[in-house]
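Reading through the structure tokens given below for one structure.
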Amino acid sequence: MLSKGEIEQYRRHLSLQAFGETAQKKLKKSSVLMIGAGGLGCPALQYLTAAGVGKIGIVDDDHIDASNLQRQVLFSYEEIGEPKARIACKKLSRLNPHIELVAHQERFSDKNAESLLDAYDLIIDGTDNFSSRYLINDACILFDRPFIHGSINQFEGMVTVFNYRDGPTYRCLFPECPDPSSVPTCAEAGVLGVLPGIIGCWQALEAIKVLSGVGEVLSGKVLLYDALSQKLNRFTLQASPDSRKISSLPNPVESCTSAKTPVIQSELIREISEAELKEMMDLQPDLQLLDVREEWERAELKISSSVHLALGELIEMVSLSIPLSFDPKRDLVVYCKAGVRSRTACQALQSAGFPKLYNLAHGMDGWCQRYPELSLCD
């Protein structure tokens, strides 16, 4: 039964003829596990809490950072440094005292996937990297849970429902995990702050539909959104039987801010560690060191003795055959924030005839962790 307080809070739901008390009671009896309390998780959590989902678990081992506040509007400056999962539960409990909120201050992994999924009816993917998405997908297949997927990239977003009543899975859309070094992270590519709010709300909507049995669930259909043009596209996704052939869980190895993303070697582009770069700098005082980040990034921190040429300018110069002020006969080390843009720069330089190329695999993020005393401001 709904209490007097619940009736007051959910009155607008109860007034909906196609929703009413029956659907609201289903929400009260249901449970959702939100994996990731970031840009997607914050809006989804707020609306699911307000809607009256009976139990909501939040899995996140991250802490609030100033850079989160541009889009993760559940948090504030006073909470920088605090655990996201705990602060989210604390704030959401003020929004709805009638539900249960559980903070899981840990990273979702192959080790805890079964125990976490076992306690919840529905999973929502609020992660920001491919390896975690494949882990969530495979765990939901093995342990029979539907999940709501959402993803964002700069100005575009996507939402769909996977593994719902034998419907398509994430591997029906993307059969294999891409090379992590070929995909910019959200920190590298950036994202329009309002976009995850839109996609996260759509995830909450699909979750409510699945749990309440109201409406048409977005299973077998993928919704694509372009924020700049306000354009929506929807396409049909067919289920592939091969996508369900899961016998074990992968171990996620990357995150939006990780400095431990695996790298792939190229014949002419060598990936190097922070220690290897330090050794090269000690042995070659005039080592060619190129920073391909944007000017505002360099103004915050840089590696001493490096020169600056933003990736876009570099690619334009190469495409127009404009001479570069580097000696192709000498070693050239390139770095960015986390190793993705710099690898693209190395590929452009390679095509321009530079054979001695080195990519700092984990970029400025890794360098700052290893050698903070050598990370200078302009």
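In the structure tokens, the first chain shown is A, the next is B, and so on; residue numbers restart at 1 for each chain, and ligands run from 1 in the order shown.
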
Write out as a PyMOL selection string the set of residues from segment 173-347 of chain A that DSSP, computed on the backbone, places in strand (DSSP E). chain A and resi 221-226+231-236+269-272+288-291+302-303+307-308+332-335

If you run DSSP on the backbone, which residues of segment 143-356 of chain A are helix (DSSP H, G or I), as JSON, numbers by chain? {"A": [170, 171, 172, 173, 180, 181, 182, 186, 187, 188, 189, 195, 196, 197, 198, 199, 200, 201, 202, 203, 204, 205, 206, 207, 208, 209, 210, 211, 212, 241, 242, 243, 244, 274, 275, 276, 277, 278, 279, 280, 281, 282, 283, 295, 296, 297, 298, 299, 300, 311, 312, 313, 314, 315, 316, 317, 318, 319, 340, 341, 342, 343, 344, 345, 346, 347, 348, 349, 350, 351]}

What lies within 9 Å of segment 215-222 of chain A using only C-alpha atoms, ignoring chain neighbours under 4 positions off, as a ChimeraX atom specification? /A:18,158-165,167-169,206-207,209-210,233-239

Considering only C-alpha atoms, give me a table of residues in segment 105-134 of chain A that are at most 9 Å from segment 39-52 of chain A, with the closest atom pair and distance in Å for each, as JSON lines.
{"residue": "A:Ile124", "atom": "CA", "partner": "A:Gly41", "partner_atom": "CA", "distance": 8.3}
{"residue": "A:Asp125", "atom": "CA", "partner": "A:Gly41", "partner_atom": "CA", "distance": 8.1}
{"residue": "A:Gly126", "atom": "CA", "partner": "A:Gly41", "partner_atom": "CA", "distance": 5.2}
{"residue": "A:Thr127", "atom": "CA", "partner": "A:Leu40", "partner_atom": "CA", "distance": 7.9}
{"residue": "A:Asp128", "atom": "CA", "partner": "A:Leu40", "partner_atom": "CA", "distance": 9.0}

With N, CA and C atoms kept, could you save the residues just selected as a CSV table (one decimal), in the first residue's frame?
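Produced file selection.csv, reproduced below:
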chain,number,residue,atom,x,y,z
A,124,ILE,N,21.3,0.4,-14.7
A,124,ILE,CA,21.4,1.6,-15.6
A,124,ILE,C,22.9,1.9,-15.7
A,125,ASP,N,23.3,2.0,-17.0
A,125,ASP,CA,24.7,2.2,-17.3
A,125,ASP,C,25.0,3.7,-17.4
A,126,GLY,N,25.7,4.2,-16.4
A,126,GLY,CA,26.1,5.6,-16.4
A,126,GLY,C,27.6,5.7,-16.5
A,127,THR,N,28.3,4.8,-17.1
A,127,THR,CA,29.7,4.8,-17.2
A,127,THR,C,30.2,5.6,-18.4
A,128,ASP,N,31.5,5.8,-18.5
A,128,ASP,CA,32.0,6.7,-19.5
A,128,ASP,C,33.1,6.0,-20.4

Would you kindly return, as a list in words, each protein, DNA or RNA residue with an atom no farther than 8 Å from any atom of Gln288 of chain A, considering only C-alpha atoms and excluding same-chain residues fewer than 6 positions away? Ser306, Phe326, Arg330, Asp331, Leu332 and Val333 of chain A

Residues within 12 Å of Lys84 of chain A, please, as a VMD selection string. Count only C-alpha atoms; anything in the same chain fewer than 5 positions from it doesn't count. chain A and resid 35 to 39 41 to 42 58 to 65 68 to 69 72 to 76 79 89 to 92 103 to 107

Residue subset to file, keeping C-alpha atoms, as a PDB file, in the first residue's frame:
ATOM      1  CA  ILE A  35      26.520   2.200 -12.183  1.00  0.00           C
ATOM      2  CA  GLY A  36      28.242   5.567 -12.213  1.00  0.00           C
ATOM      3  CA  ALA A  37      27.117   8.754 -10.466  1.00  0.00           C
ATOM      4  CA  GLY A  38      28.469  11.110 -13.115  1.00  0.00           C
ATOM      5  CA  GLY A  39      26.969  13.151 -15.918  1.00  0.00           C
ATOM      6  CA  GLY A  41      23.873   9.155 -13.357  1.00  0.00           C
ATOM      7  CA  CYS A  42      23.069  12.454 -11.634  1.00  0.00           C
ATOM      8  CA  ILE A  58      24.682   3.707  -6.542  1.00  0.00           C
ATOM      9  CA  VAL A  59      28.006   2.155  -7.562  1.00  0.00           C
ATOM     10  CA  ASP A  60      30.885   4.625  -7.860  1.00  0.00           C
ATOM     11  CA  ASP A  61      34.374   4.731  -6.371  1.00  0.00           C
ATOM     12  CA  ASP A  62      35.141   8.243  -7.642  1.00  0.00           C
ATOM     13  CA  HIS A  63      35.314  11.520  -5.734  1.00  0.00           C
ATOM     14  CA  ILE A  64      33.789  14.856  -6.710  1.00  0.00           C
ATOM     15  CA  ASP A  65      36.090  17.080  -8.754  1.00  0.00           C
ATOM     16  CA  ASN A  68      32.450  17.508 -12.696  1.00  0.00           C
ATOM     17  CA  LEU A  69      30.295  20.470 -11.727  1.00  0.00           C
ATOM     18  CA  GLN A  72      26.958  16.744 -12.621  1.00  0.00           C
ATOM     19  CA  VAL A  73      24.440  19.130 -11.102  1.00  0.00           C
ATOM     20  CA  LEU A  74      23.677  16.961  -8.085  1.00  0.00           C
ATOM     21  CA  PHE A  75      26.978  18.099  -6.538  1.00  0.00           C
ATOM     22  CA  SER A  76      28.387  21.448  -5.364  1.00  0.00           C
ATOM     23  CA  GLU A  79      31.576  18.732  -1.708  1.00  0.00           C
ATOM     24  CA  CYS A  89      22.633   9.185  -1.407  1.00  0.00           C
ATOM     25  CA  LYS A  90      22.712  11.953   1.180  1.00  0.00           C
ATOM     26  CA  LYS A  91      21.216  14.524  -1.177  1.00  0.00           C
ATOM     27  CA  LEU A  92      18.700  12.198  -2.807  1.00  0.00           C
ATOM     28  CA  ALA A 103      25.868   3.715  -1.579  1.00  0.00           C
ATOM     29  CA  HIS A 104      28.336   1.186  -2.996  1.00  0.00           C
ATOM     30  CA  GLN A 105      31.654   3.052  -2.789  1.00  0.00           C
ATOM     31  CA  GLU A 106      33.501   0.658  -5.068  1.00  0.00           C
ATOM     32  CA  ARG A 107      34.280   0.191  -8.721  1.00  0.00           C
TER      33      ARG A 107
END

Rounded to one decimal, what separation in Å do you get between atom CA of Met1 of chain A and atom CA of Ile208 of chain A? 18.8 Å

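Counting only C-alpha atoms, the residue from A:Ala66, A:Asn137, A:Val292, A:Gly157 that sits nearest to Leu173 of chain A is A:Asn137.
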
Could you make a table, as a Markdown table, of the residues of segment 95-115 of chain A that have an atom within 10 Å of an atom of segment 22-30 of chain A, each with its nearest atom pair and distance in Å to one decimal, counting only C-alpha atoms, in chain and number order?
| residue | atom | partner | partner_atom | distance |
| --- | --- | --- | --- | --- |
| A:His98 | CA | A:Lys28 | CA | 9.1 |
| A:Ile99 | CA | A:Lys28 | CA | 7.8 |
| A:Glu100 | CA | A:Lys28 | CA | 9.9 |
